[in-house]
$ cat input.cif   # mmCIF, C-alpha atoms
data_work
#
loop_
_atom_site.label_atom_id
_atom_site.label_comp_id
_atom_site.auth_asym_id
_atom_site.auth_seq_id
_atom_site.Cartn_x
_atom_site.Cartn_y
_atom_site.Cartn_z
CA MET A 1 218.98 121.28 211.92
CA SER A 2 217.22 124.60 211.93
CA ARG A 3 218.10 127.46 214.25
CA PRO A 4 214.99 127.05 216.49
CA VAL A 5 215.88 123.37 217.03
CA TRP A 6 219.41 124.33 218.07
CA SER A 7 217.97 127.00 220.38
CA LEU A 8 215.69 124.41 221.95
CA LEU A 9 218.63 122.02 222.44
CA LEU A 10 220.69 124.82 223.95
CA GLY A 11 217.90 125.67 226.41
CA LEU A 12 217.52 122.01 227.34
CA ALA A 13 221.29 121.67 227.86
CA VAL A 14 221.28 124.66 230.22
CA VAL A 15 218.38 123.33 232.32
CA VAL A 16 219.19 119.59 232.29
CA GLY A 17 222.91 120.32 232.67
CA ALA A 18 222.34 122.50 235.73
CA ALA A 19 220.10 119.83 237.28
CA GLY A 20 222.79 117.18 236.62
CA VAL A 21 225.52 119.32 238.16
CA TRP A 22 223.34 119.90 241.23
CA ALA A 23 222.46 116.20 241.56
CA GLY A 24 226.10 115.15 241.10
CA ARG A 25 227.57 117.40 243.78
CA VAL A 26 229.83 115.86 246.41
CA PRO A 27 227.82 115.19 249.58
CA GLN A 28 228.85 117.44 252.49
CA GLU A 29 229.37 114.32 254.60
CA GLY A 30 232.06 113.27 252.08
CA ALA A 31 234.73 113.07 254.78
CA ALA A 32 232.57 110.87 256.96
CA SER A 33 231.90 108.52 254.03
CA ALA A 34 235.57 107.45 254.20
CA ALA A 35 234.64 105.64 257.40
CA ASN A 36 232.60 103.20 255.30
CA LEU A 37 235.65 102.26 253.25
CA PRO A 38 238.21 99.67 254.32
CA PRO A 39 241.68 100.91 255.29
CA ALA A 40 243.85 101.04 252.17
CA PRO A 41 246.88 102.92 250.83
CA ALA A 42 244.71 105.12 248.64
CA VAL A 43 243.52 108.71 248.75
CA GLY A 44 240.12 108.92 250.46
CA HIS A 45 240.58 105.69 252.40
CA PRO A 46 241.32 105.43 256.12
CA ALA A 47 245.07 104.88 256.56
CA PRO A 48 245.97 101.29 257.51
CA ASP A 49 247.09 101.18 261.11
CA VAL A 50 250.77 101.15 261.97
CA ALA A 51 252.01 99.65 265.23
CA LEU A 52 255.81 99.63 265.41
CA THR A 53 258.62 100.47 267.77
CA THR A 54 260.70 103.55 267.05
CA VAL A 55 264.47 103.62 266.91
CA ALA A 56 264.31 105.29 270.36
CA GLY A 57 262.48 102.21 271.69
CA GLU A 58 259.07 103.91 272.02
CA ALA A 59 255.78 102.50 270.75
CA PHE A 60 254.39 104.19 267.64
CA THR A 61 250.71 103.56 266.86
CA LEU A 62 249.14 105.56 264.05
CA SER A 63 245.55 105.14 265.29
CA ALA A 64 246.57 106.70 268.62
CA LEU A 65 247.43 109.91 266.76
CA ARG A 66 243.83 110.42 265.54
CA GLY A 67 242.91 114.09 265.89
CA LYS A 68 246.23 115.34 264.52
CA PRO A 69 247.40 115.48 260.90
CA VAL A 70 250.20 113.00 260.20
CA VAL A 71 252.97 113.01 257.59
CA LEU A 72 254.00 109.35 257.28
CA ASN A 73 257.20 109.00 255.30
CA PHE A 74 258.83 105.71 254.20
CA TRP A 75 262.60 105.83 253.83
CA ALA A 76 265.94 104.01 254.13
CA THR A 77 269.48 105.21 254.78
CA TRP A 78 270.79 103.68 251.51
CA CYS A 79 268.31 105.77 249.45
CA PRO A 80 269.88 109.10 248.30
CA PRO A 81 266.57 110.93 247.60
CA CYS A 82 265.39 109.90 251.09
CA ARG A 83 268.51 111.37 252.64
CA ALA A 84 268.01 114.55 250.61
CA GLU A 85 264.45 115.09 251.87
CA LEU A 86 264.98 114.23 255.56
CA PRO A 87 266.13 117.79 256.47
CA GLU A 88 262.81 119.08 255.03
CA LEU A 89 260.87 116.65 257.20
CA GLN A 90 262.94 117.63 260.22
CA ALA A 91 262.25 121.32 259.51
CA ALA A 92 258.50 120.60 259.21
CA HIS A 93 258.63 118.63 262.47
CA GLU A 94 260.15 121.67 264.20
CA ARG A 95 257.93 124.25 262.48
CA TYR A 96 254.64 122.43 263.21
CA ALA A 97 255.61 120.96 266.59
CA GLY A 98 252.48 119.85 268.42
CA GLN A 99 250.24 120.57 265.39
CA VAL A 100 251.40 118.06 262.77
CA ILE A 101 253.04 114.69 263.48
CA VAL A 102 255.94 113.81 261.20
CA ALA A 103 257.09 110.17 261.29
CA GLY A 104 259.69 108.40 259.16
CA VAL A 105 259.13 104.65 258.83
CA ASN A 106 262.48 103.05 258.15
CA GLN A 107 262.34 100.10 255.80
CA MET A 108 264.07 96.93 256.98
CA GLU A 109 267.38 98.22 258.32
CA PRO A 110 269.23 97.32 261.52
CA PRO A 111 268.24 99.62 264.41
CA ALA A 112 271.88 100.46 265.11
CA SER A 113 272.46 101.81 261.56
CA VAL A 114 269.24 103.83 261.70
CA ALA A 115 270.13 105.26 265.12
CA ALA A 116 273.63 106.20 263.94
CA PHE A 117 272.27 107.88 260.82
CA ALA A 118 269.53 109.73 262.76
CA GLY A 119 272.09 111.04 265.23
CA GLN A 120 274.38 112.18 262.43
CA ALA A 121 271.55 113.88 260.52
CA GLY A 122 270.04 115.42 263.66
CA LEU A 123 266.61 113.82 263.21
CA SER A 124 264.38 114.24 266.24
CA PHE A 125 261.01 113.09 264.85
CA PRO A 126 259.76 109.53 265.48
CA LEU A 127 261.46 106.88 263.32
CA PRO A 128 259.42 103.65 263.55
CA LEU A 129 261.32 100.55 262.43
CA ASP A 130 259.56 98.37 259.86
CA ALA A 131 261.96 95.48 260.45
CA ARG A 132 260.16 92.88 258.32
CA GLY A 133 258.66 95.27 255.77
CA ASP A 134 255.08 94.36 256.76
CA VAL A 135 253.94 97.99 257.04
CA SER A 136 255.62 98.91 253.74
CA ARG A 137 253.73 96.05 252.07
CA ARG A 138 250.44 97.14 253.72
CA TYR A 139 251.04 100.63 252.33
CA ALA A 140 252.02 99.21 248.90
CA VAL A 141 255.26 101.20 248.96
CA ARG A 142 256.91 100.43 245.62
CA SER A 143 259.67 103.01 245.67
CA LEU A 144 261.45 105.10 248.28
CA PRO A 145 260.80 107.68 249.44
CA THR A 146 257.00 107.65 249.55
CA THR A 147 255.02 109.97 251.82
CA PHE A 148 251.39 109.70 252.93
CA PHE A 149 249.54 112.80 254.16
CA ILE A 150 246.87 111.73 256.64
CA ASP A 151 244.22 114.13 257.95
CA ARG A 152 242.90 114.52 261.50
CA GLY A 153 240.26 111.85 260.86
CA GLY A 154 242.90 109.29 259.82
CA VAL A 155 242.03 109.54 256.10
CA ILE A 156 244.77 109.63 253.45
CA ARG A 157 244.50 112.91 251.53
CA ARG A 158 247.64 112.80 249.39
CA ILE A 159 250.38 110.37 248.44
CA GLN A 160 253.70 111.67 247.20
CA ILE A 161 256.00 109.23 245.48
CA GLY A 162 259.52 110.63 245.30
CA PRO A 163 261.25 113.16 247.51
CA VAL A 164 259.46 116.14 249.02
CA THR A 165 260.93 119.61 248.85
CA GLU A 166 259.93 122.47 251.12
CA ALA A 167 257.56 123.69 248.39
CA THR A 168 255.88 120.34 247.65
CA LEU A 169 255.65 119.68 251.39
CA ALA A 170 253.91 123.03 251.91
CA GLN A 171 251.52 122.22 249.05
CA ALA A 172 250.74 118.73 250.39
CA LEU A 173 250.27 119.98 253.94
CA GLN A 174 247.44 122.22 252.69
CA THR A 175 245.39 119.05 252.15
CA ILE A 176 245.61 117.98 255.82
CA PHE A 177 246.48 121.16 257.70
CA PRO A 178 244.70 124.06 256.03
CA MET B 1 245.81 97.26 238.62
CA LEU B 2 249.08 97.63 236.77
CA PRO B 3 250.74 100.82 238.11
CA ILE B 4 254.20 99.65 237.05
CA LEU B 5 254.98 98.01 233.73
CA GLN B 6 257.85 95.61 234.30
CA ILE B 7 259.77 94.90 231.09
CA GLY B 8 262.75 92.76 232.11
CA PRO B 9 264.87 94.90 234.44
CA LEU B 10 263.01 98.04 233.35
CA ALA B 11 260.17 99.29 235.60
CA LEU B 12 258.04 101.88 233.80
CA PRO B 13 255.28 103.81 235.58
CA THR B 14 252.11 103.05 233.56
CA TYR B 15 250.27 106.37 233.86
CA PRO B 16 253.09 108.73 232.80
CA LEU B 17 253.85 106.30 229.95
CA ALA B 18 250.16 106.37 228.90
CA LEU B 19 250.20 110.19 229.00
CA LEU B 20 253.27 110.24 226.76
CA ILE B 21 251.63 107.84 224.27
CA ALA B 22 248.39 109.87 224.50
CA PHE B 23 250.21 113.12 223.70
CA TRP B 24 252.08 111.61 220.76
CA THR B 25 248.90 109.97 219.41
CA ALA B 26 246.95 113.23 219.75
CA LEU B 27 249.61 115.04 217.70
CA GLU B 28 249.70 112.24 215.10
CA VAL B 29 245.89 112.14 214.68
CA GLY B 30 245.68 115.94 214.70
CA GLY B 31 248.50 116.15 212.12
CA ARG B 32 246.73 113.69 209.81
CA ILE B 33 243.45 115.58 210.01
CA ALA B 34 245.28 118.85 209.40
CA ARG B 35 246.94 117.36 206.29
CA ARG B 36 243.55 116.11 205.10
CA ALA B 37 242.30 119.69 205.38
CA GLY B 38 245.21 120.86 203.25
CA LEU B 39 247.37 122.20 206.08
CA ASP B 40 250.99 121.42 206.83
CA GLY B 41 250.69 118.73 209.56
CA ASP B 42 254.04 119.84 211.02
CA HIS B 43 252.43 123.08 212.14
CA LEU B 44 250.09 121.13 214.40
CA TYR B 45 253.03 119.17 215.83
CA ASN B 46 254.88 122.42 216.48
CA ALA B 47 251.89 124.12 218.10
CA GLY B 48 251.40 121.06 220.32
CA LEU B 49 255.06 120.84 221.31
CA TYR B 50 255.39 124.56 222.05
CA GLY B 51 252.15 124.36 224.03
CA ALA B 52 253.43 121.38 226.04
CA LEU B 53 256.72 123.12 226.75
CA ALA B 54 254.89 126.26 227.88
CA LEU B 55 252.62 124.12 230.07
CA ILE B 56 255.64 122.62 231.87
CA VAL B 57 257.48 125.93 232.31
CA ALA B 58 254.36 127.87 233.36
CA GLY B 59 253.25 125.02 235.64
CA ARG B 60 256.58 125.22 237.49
CA LEU B 61 256.59 129.04 237.58
CA ALA B 62 253.06 129.02 239.02
CA HIS B 63 254.27 126.60 241.71
CA VAL B 64 257.23 128.88 242.43
CA ALA B 65 254.91 131.88 242.75
CA ALA B 66 252.47 129.99 245.00
CA PHE B 67 255.21 128.66 247.30
CA TRP B 68 257.76 131.45 246.94
CA SER B 69 258.62 131.41 250.65
CA ALA B 70 259.97 127.86 250.17
CA TYR B 71 261.77 128.54 246.88
CA ARG B 72 263.34 131.73 248.27
CA LEU B 73 265.45 129.56 250.55
CA GLN B 74 266.16 126.92 247.88
CA PRO B 75 266.35 128.75 244.54
CA GLY B 76 267.99 125.70 242.94
CA GLU B 77 264.64 123.88 243.27
CA ILE B 78 263.12 126.28 240.70
CA ILE B 79 264.82 124.14 238.04
CA GLY B 80 264.67 120.93 240.12
CA LEU B 81 263.42 117.65 238.62
CA ASN B 82 260.67 117.10 241.23
CA THR B 83 257.64 115.94 239.23
CA GLN B 84 255.23 117.05 241.98
CA ALA B 85 256.29 120.70 241.91
CA PHE B 86 253.84 121.92 239.27
CA LEU B 87 250.48 123.69 239.25
CA TRP B 88 248.89 122.25 236.12
CA GLY B 89 245.83 124.55 235.95
CA PRO B 90 247.72 127.79 235.27
CA GLY B 91 250.20 125.80 233.16
CA ALA B 92 247.39 124.52 230.91
CA VAL B 93 246.03 128.05 230.37
CA ILE B 94 249.46 129.38 229.37
CA GLY B 95 250.15 126.28 227.23
CA ALA B 96 246.88 126.82 225.33
CA CYS B 97 247.72 130.51 224.87
CA VAL B 98 251.17 129.69 223.46
CA ALA B 99 249.70 127.09 221.05
CA ALA B 100 247.07 129.67 219.98
CA TRP B 101 249.83 132.27 219.51
CA TYR B 102 251.68 129.83 217.21
CA VAL B 103 248.52 129.38 215.12
CA TYR B 104 248.02 133.16 214.96
CA ARG B 105 251.70 133.85 214.20
CA HIS B 106 251.70 131.43 211.25
CA LYS B 107 248.33 132.67 210.01
CA LEU B 108 246.86 129.16 210.11
CA PRO B 109 243.09 128.88 209.51
CA TRP B 110 241.51 128.68 212.98
CA ALA B 111 238.59 126.45 211.96
CA GLN B 112 240.76 123.72 210.41
CA VAL B 113 243.22 123.81 213.31
CA TRP B 114 240.29 123.62 215.76
CA ASP B 115 238.95 120.51 213.96
CA ALA B 116 242.35 118.79 213.93
CA ALA B 117 243.37 119.68 217.49
CA ALA B 118 240.02 118.77 219.04
CA THR B 119 239.87 115.38 217.31
CA GLY B 120 243.47 114.58 218.24
CA ALA B 121 242.86 115.62 221.84
CA LEU B 122 239.82 113.32 222.11
CA VAL B 123 241.83 110.31 220.91
CA GLY B 124 244.63 111.21 223.31
CA LEU B 125 242.19 111.46 226.21
CA VAL B 126 240.87 107.94 225.47
CA ILE B 127 244.42 106.59 225.89
CA ALA B 128 244.98 108.68 229.03
CA GLU B 129 241.79 107.26 230.63
CA LEU B 130 242.84 103.69 229.79
CA GLY B 131 246.23 104.43 231.39
CA ALA B 132 244.48 105.82 234.47
CA PHE B 133 242.42 102.61 234.69
CA LEU B 134 245.54 100.44 234.56
CA ALA B 135 247.39 102.60 237.11
CA GLY B 136 244.42 102.96 239.47
CA ASN B 137 244.32 106.79 239.13
CA GLY B 138 241.08 108.78 239.32
CA ILE B 139 239.18 105.82 240.78
CA GLY B 140 235.41 105.43 240.83
CA ALA B 141 233.00 105.66 243.73
CA ALA B 142 232.03 102.52 245.62
CA ALA B 143 229.30 100.56 243.79
CA ALA B 144 227.62 97.18 244.15
CA LEU B 145 227.30 96.41 240.44
CA PRO B 146 228.08 93.27 238.43
CA TRP B 147 230.70 95.18 236.40
CA ALA B 148 232.33 96.90 239.38
CA VAL B 149 236.08 96.46 239.78
CA SER B 150 237.48 95.63 243.20
CA LEU B 151 240.13 98.00 244.49
CA TRP B 152 241.49 97.74 248.04
CA GLY B 153 238.60 95.57 249.11
CA THR B 154 235.89 97.85 247.72
CA PRO B 155 233.92 97.23 244.51
CA ARG B 156 233.99 100.45 242.48
CA HIS B 157 232.66 102.00 239.28
CA PRO B 158 235.27 101.47 236.53
CA VAL B 159 234.86 105.19 235.91
CA GLN B 160 237.95 105.50 233.72
CA LEU B 161 236.46 102.91 231.35
CA TYR B 162 233.15 104.84 231.28
CA ALA B 163 235.12 107.96 230.34
CA ALA B 164 237.24 106.10 227.75
CA LEU B 165 234.07 104.65 226.16
CA GLY B 166 232.29 108.03 226.04
CA LEU B 167 235.35 109.77 224.61
CA ALA B 168 235.91 106.98 222.06
CA LEU B 169 232.30 107.38 220.84
CA ALA B 170 232.82 111.15 220.66
CA ALA B 171 236.09 110.64 218.74
CA ALA B 172 234.35 108.24 216.32
CA ALA B 173 231.57 110.81 215.72
CA THR B 174 234.16 113.54 215.16
CA VAL B 175 236.19 111.44 212.71
CA TRP B 176 232.94 110.62 210.88
CA VAL B 177 232.20 114.36 210.55
CA VAL B 178 235.74 114.96 209.27
CA ARG B 179 235.48 112.13 206.71
CA ARG B 180 232.06 113.34 205.60
CA GLY B 181 233.84 116.52 204.60
CA GLY B 182 231.48 119.00 206.24
CA ARG B 183 232.29 122.67 206.70
CA SER B 184 235.45 123.33 208.62
CA GLY B 185 234.96 124.00 212.32
CA LEU B 186 232.06 121.55 212.61
CA ALA B 187 234.22 118.62 213.79
CA GLY B 188 235.76 120.75 216.52
CA TRP B 189 232.36 121.69 217.95
CA VAL B 190 231.23 118.04 217.79
CA ALA B 191 234.40 117.01 219.66
CA LEU B 192 233.79 119.66 222.34
CA LEU B 193 230.18 118.51 222.66
CA GLY B 194 231.30 114.87 223.04
CA TRP B 195 233.90 115.75 225.65
CA GLY B 196 231.44 117.92 227.55
CA VAL B 197 228.66 115.32 227.61
CA THR B 198 231.09 112.55 228.67
CA THR B 199 232.62 114.64 231.45
CA TRP B 200 229.21 115.85 232.66
CA LEU B 201 227.90 112.27 232.76
CA VAL B 202 230.97 110.50 234.19
CA GLU B 203 232.32 112.93 236.80
CA PRO B 204 229.68 112.12 239.49
CA PHE B 205 230.86 108.50 239.46
CA ARG B 206 234.41 109.45 240.54
CA ALA B 207 235.45 108.81 244.13
CA GLU B 208 237.33 112.11 244.45
CA SER B 209 236.59 115.35 242.62
CA ALA B 210 237.89 118.87 243.03
CA THR B 211 234.92 120.98 244.06
CA ILE B 212 233.82 124.58 243.93
CA VAL B 213 231.09 126.19 246.06
CA GLY B 214 228.49 123.91 247.62
CA GLY B 215 230.28 120.70 246.71
CA LEU B 216 229.73 121.21 242.95
CA ARG B 217 232.26 119.15 241.01
CA THR B 218 234.56 121.53 239.12
CA LEU B 219 235.06 119.27 236.09
CA GLN B 220 231.35 118.53 235.81
CA VAL B 221 230.63 122.26 235.74
CA VAL B 222 233.34 122.67 233.06
CA GLY B 223 231.79 119.77 231.11
CA TRP B 224 228.38 121.42 231.31
CA ALA B 225 229.85 124.75 230.14
CA ALA B 226 231.53 122.88 227.24
CA VAL B 227 228.17 121.35 226.19
CA VAL B 228 226.46 124.75 226.25
CA GLY B 229 229.41 126.35 224.41
CA ALA B 230 229.47 123.61 221.75
CA LEU B 231 225.71 123.82 221.16
CA TRP B 232 226.00 127.60 220.90
CA GLY B 233 228.78 127.14 218.33
CA LEU B 234 226.73 124.62 216.34
CA ARG B 235 223.68 126.90 216.47
CA ARG B 236 225.74 129.82 215.18
CA ARG B 237 227.06 127.68 212.34
CA SER B 238 223.53 126.66 211.39
CA SER B 239 222.46 130.32 211.22
CA ASP B 240 225.54 131.19 209.09
CA ARG B 241 224.41 128.82 206.36
#

$ encode --input "input.cif" --output "structure tokens"
Amino acid sequence: MSRPVWSLLLGLAVVVGAAGVWAGRVPQEGAASAANLPPAPAVGHPAPDVALTTVAGEAFTLSALRGKPVVLNFWATWCPPCRAELPELQAAHERYAGQVIVAGVNQMEPPASVAAFAGQAGLSFPLPLDARGDVSRRYAVRSLPTTFFIDRGGVIRRIQIGPVTEATLAQALQTIFP
Amino acid sequence: MLPILQIGPLALPTYPLALLIAFWTALEVGGRIARRAGLDGDHLYNAGLYGALALIVAGRLAHVAAFWSAYRLQPGEIIGLNTQAFLWGPGAVIGACVAAWYVYRHKLPWAQVWDAAATGALVGLVIAELGAFLAGNGIGAAAALPWAVSLWGTPRHPVQLYAALGLALAAAATVWVVRRGGRSGLAGWVALLGWGVTTWLVEPFRAESATIVGGLRTLQVVGWAAVVGALWGLRRRSSDR
């Protein structure tokens, strides 16, 4: 092709490309569009509701926490990486008290074992008991620990499979608590 | 969706496995094209491996710098195995610089390396997109279309397959240019053009995109810039003749 033809193509690419980029931009009501999606364990979807009883015997309902960012962690006492990350979650619970809700859903363990472990580890954030594993299945938790970061509108913004560290927790919190 | 590949007692995460296969395939294809152009294919392997190593190290160091207040209290985490503790953007820039330094250091011809690396990268990206489709990563926007795939109760654009198809066509065009034996450097520009057009076309169909000002999709803007850059490169080549 001759140079003028290439120049013409280049000019077209600049103009048509810019128009395409403008037309393809994310709508400003992007967050609201999540409301049209069904609840699912996926980024951008509303978080499936959780209604469980905590190890302290209190009711824990995720939908009742709407308006506050939530860090929903799935764990078990027999899982070493879970045990390693729990102090980080406890620290975040203390640091962001009243601003971010941290909750640790325990997967299918006897309440007495969970209570004993929580006392030993000094955990003071809510520990809902998923006795039959229904919530874990609803959240498609395939390995422990798994943590969902849910924004004020109840939409999942990040999913971390594997343990959080203080640094990865700080990074993930930016998505729900800027 | 097949996020985990269960082989007997072994559970392998599909997407990281696909990325590993994609990287190896990219090096293999790039190495073959380099050999065809009369280069030592091992050089391309080495540049790719050094680049990948630099990407990992720089990605972690960037994460350390960004979240220093956390690492200051847990310095052991700087060399921790947490796969989430990386910033891939800065890592990719440093990785590319290290690979380019290797090419410069060994006085390899830039045009031939560009052809080989770009073609290999396109083939690798096809595999990565297929892996993303299987794992349910980078999902498409909701769509009521006969070919939509249902994920979590919502029919969606199979956007990873769109991308894989576009990139495969671009790779085929690039390989055709290589086999035709045109001037060196041409295949690389064709590959960049194919990647840019595919990204520019496909990105708006993704459910989630990183954005810059005004909701503009970052990758679509990069794709557009790649198209303009590739056409500029092709125009320059035509005027050199």

$ closest_residue --input "input.cif" --among "A:Val21, A:Ala121, A:Ala103, A:Ala92" --to "chain B" --atoms "all atoms listed in the file"
A:Val21

$ closest_atom_pairs --input "input.cif" --of "chain B" --to "chain A" --cutoff "6 Å" --atoms "only C-alpha atoms" --output "tab-separated table"
residue	atom	partner	partner_atom	distance
B:Phe67	CA	A:Ala167	CA	5.6
B:Ala70	CA	A:Ala167	CA	5.1
B:Ala85	CA	A:Thr168	CA	5.8
B:Trp152	CA	A:Ala40	CA	5.8
B:Pro204	CA	A:Gly24	CA	5.0
B:Gly215	CA	A:Val26	CA	4.9
B:Leu216	CA	A:Arg25	CA	4.5
B:Arg217	CA	A:Arg25	CA	5.7
B:Trp224	CA	A:Gly17	CA	5.7
B:Leu231	CA	A:Leu10	CA	5.8
B:Arg235	CA	A:Trp6	CA	5.2

$ atom_distance --input "input.cif" --atom1 "CA of Val177 (chain B)" --atom2 "CA of Thr199 (chain B)"
20.9 Å

$ resolve_selection --input "input.cif" --expression "the PyMOL selection byres ((chain B and resi 64) around 10)" --output "PDB file with C-alpha atoms, in the coordinates of the input"
ATOM      1  CA  ALA A 167     257.560 123.690 248.390  1.00  0.00           C
TER       2      ALA A 167
ATOM      3  CA  ALA B  58     254.360 127.870 233.360  1.00  0.00           C
ATOM      4  CA  GLY B  59     253.250 125.020 235.640  1.00  0.00           C
ATOM      5  CA  ARG B  60     256.580 125.220 237.490  1.00  0.00           C
ATOM      6  CA  LEU B  61     256.590 129.040 237.580  1.00  0.00           C
ATOM      7  CA  ALA B  62     253.060 129.020 239.020  1.00  0.00           C
ATOM      8  CA  HIS B  63     254.270 126.600 241.710  1.00  0.00           C
ATOM      9  CA  ALA B  65     254.910 131.880 242.750  1.00  0.00           C
ATOM     10  CA  ALA B  66     252.470 129.990 245.000  1.00  0.00           C
ATOM     11  CA  PHE B  67     255.210 128.660 247.300  1.00  0.00           C
ATOM     12  CA  TRP B  68     257.760 131.450 246.940  1.00  0.00           C
ATOM     13  CA  SER B  69     258.620 131.410 250.650  1.00  0.00           C
ATOM     14  CA  ALA B  70     259.970 127.860 250.170  1.00  0.00           C
ATOM     15  CA  TYR B  71     261.770 128.540 246.880  1.00  0.00           C
ATOM     16  CA  ARG B  72     263.340 131.730 248.270  1.00  0.00           C
ATOM     17  CA  PRO B  75     266.350 128.750 244.540  1.00  0.00           C
ATOM     18  CA  GLU B  77     264.640 123.880 243.270  1.00  0.00           C
ATOM     19  CA  ILE B  78     263.120 126.280 240.700  1.00  0.00           C
ATOM     20  CA  ILE B  79     264.820 124.140 238.040  1.00  0.00           C
ATOM     21  CA  ALA B  85     256.290 120.700 241.910  1.00  0.00           C
ATOM     22  CA  PHE B  86     253.840 121.920 239.270  1.00  0.00           C
ATOM     23  CA  LEU B  87     250.480 123.690 239.250  1.00  0.00           C
TER      24      LEU B  87
END

$ closest_residue --input "input.cif" --among "B:Gly91, B:Ala225, B:Gly136, B:Arg156" --to "Val15 (chain A)" --atoms "only C-alpha atoms"
B:Ala225

$ closest_residue --input "input.cif" --among "B:Pro146, B:Gly188, B:Pro158, B:Gly182" --to "Ala117 (chain B)" --atoms "all atoms listed in the file"
B:Gly188

$ closest_residue --input "input.cif" --among "B:Gly41, B:Gly194, B:Gly233, B:Gly31" --to "Ala163 (chain B)" --atoms "only C-alpha atoms"
B:Gly194

$ residues_around --input "input.cif" --residues "Thr198 (chain B)" --least-positions-apart "3" --cutoff "10 Å" --atoms "only C-alpha atoms" --output "list in words"
Tyr162, Ala163, Ala164, Leu165, Gly166, Leu167, Ala168, Leu169, Ala170, Leu192, Leu193, Gly194, Trp195, Leu201, Val202, Glu203, Gln220, Gly223, Trp224 and Val227 of chain B

$ resolve_selection --input "input.cif" --expression "the PyMOL selection byres ((chain B and resi 94-100) around 12)" --output "PyMOL selection string"
chain B and resi 43-62+87-93+101-110+113-114+117

$ residues_near_point --input "input.cif" --point "(230.3, 108.8, 242.2)" --cutoff "7 Å" --atoms "only C-alpha atoms" --output "ChimeraX atom specification"
/B:140-141,204-207

$ closest_residue --input "input.cif" --among "A:Val141, A:Leu72, A:Ala59, A:Ala112" --to "Arg158 (chain A)" --atoms "all atoms listed in the file"
A:Leu72

$ atom_distance --input "input.cif" --atom1 "CA of Gln160 (chain B)" --atom2 "CA of Ile212 (chain B)"
22.0 Å

$ atom_distance --input "input.cif" --atom1 "CA of Leu62 (chain A)" --atom2 "CA of Arg137 (chain A)"
16.0 Å

$ closest_residue --input "input.cif" --among "A:Ala51, A:Asp130, A:Leu8, A:Ser63" --to "Trp75 (chain A)" --atoms "all atoms listed in the file"
A:Asp130

$ axis_aligned_box --input "input.cif" --around "region 63-70 of chain A" --padding-each-side "4 Å" --output "lines of an AutoDock Vina configuration file"
center_x = 246.6
center_y = 110.3
center_z = 264.4
size_x = 15.3
size_y = 18.3
size_z = 16.4

$ resolve_selection --input "input.cif" --expression "the PyMOL selection byres ((chain B and resi 23-26) around 7)" --output "PyMOL selection string"
chain B and resi 19-22+27-30+120-121+123-124

$ write_last_selection --input "input.cif" --atoms "C-alpha atoms" --output "compact mmCIF listing (two decimals), in the frame of the given file"
# COMPACT_ATOMS: atom_id res chain seq x y z
CA LEU B 19 250.20 110.19 229.00
CA LEU B 20 253.27 110.24 226.76
CA ILE B 21 251.63 107.84 224.27
CA ALA B 22 248.39 109.87 224.50
CA LEU B 27 249.61 115.04 217.70
CA GLU B 28 249.70 112.24 215.10
CA VAL B 29 245.89 112.14 214.68
CA GLY B 30 245.68 115.94 214.70
CA GLY B 120 243.47 114.58 218.24
CA ALA B 121 242.86 115.62 221.84
CA VAL B 123 241.83 110.31 220.91
CA GLY B 124 244.63 111.21 223.31

$ closest_atom_pairs --input "input.cif" --of "region 17-98 of chain A" --to "region 143-150 of chain A" --cutoff "8 Å" --atoms "all atoms listed in the file" --output "CSV"
residue,atom,partner,partner_atom,distance
A:Ala47,CA,A:Ile150,CA,7.1
A:Pro69,CA,A:Ile150,CA,5.7
A:Val70,CA,A:Ile150,CA,5.0
A:Val71,CA,A:Phe149,CA,4.9
A:Leu72,CA,A:Phe148,CA,5.1
A:Asn73,CA,A:Thr147,CA,4.2
A:Phe74,CA,A:Thr146,CA,5.4
A:Trp75,CA,A:Pro145,CA,5.1
A:Ala76,CA,A:Leu144,CA,7.5
A:Cys79,CA,A:Leu144,CA,7.0
A:Pro81,CA,A:Pro145,CA,6.9
A:Cys82,CA,A:Pro145,CA,5.4
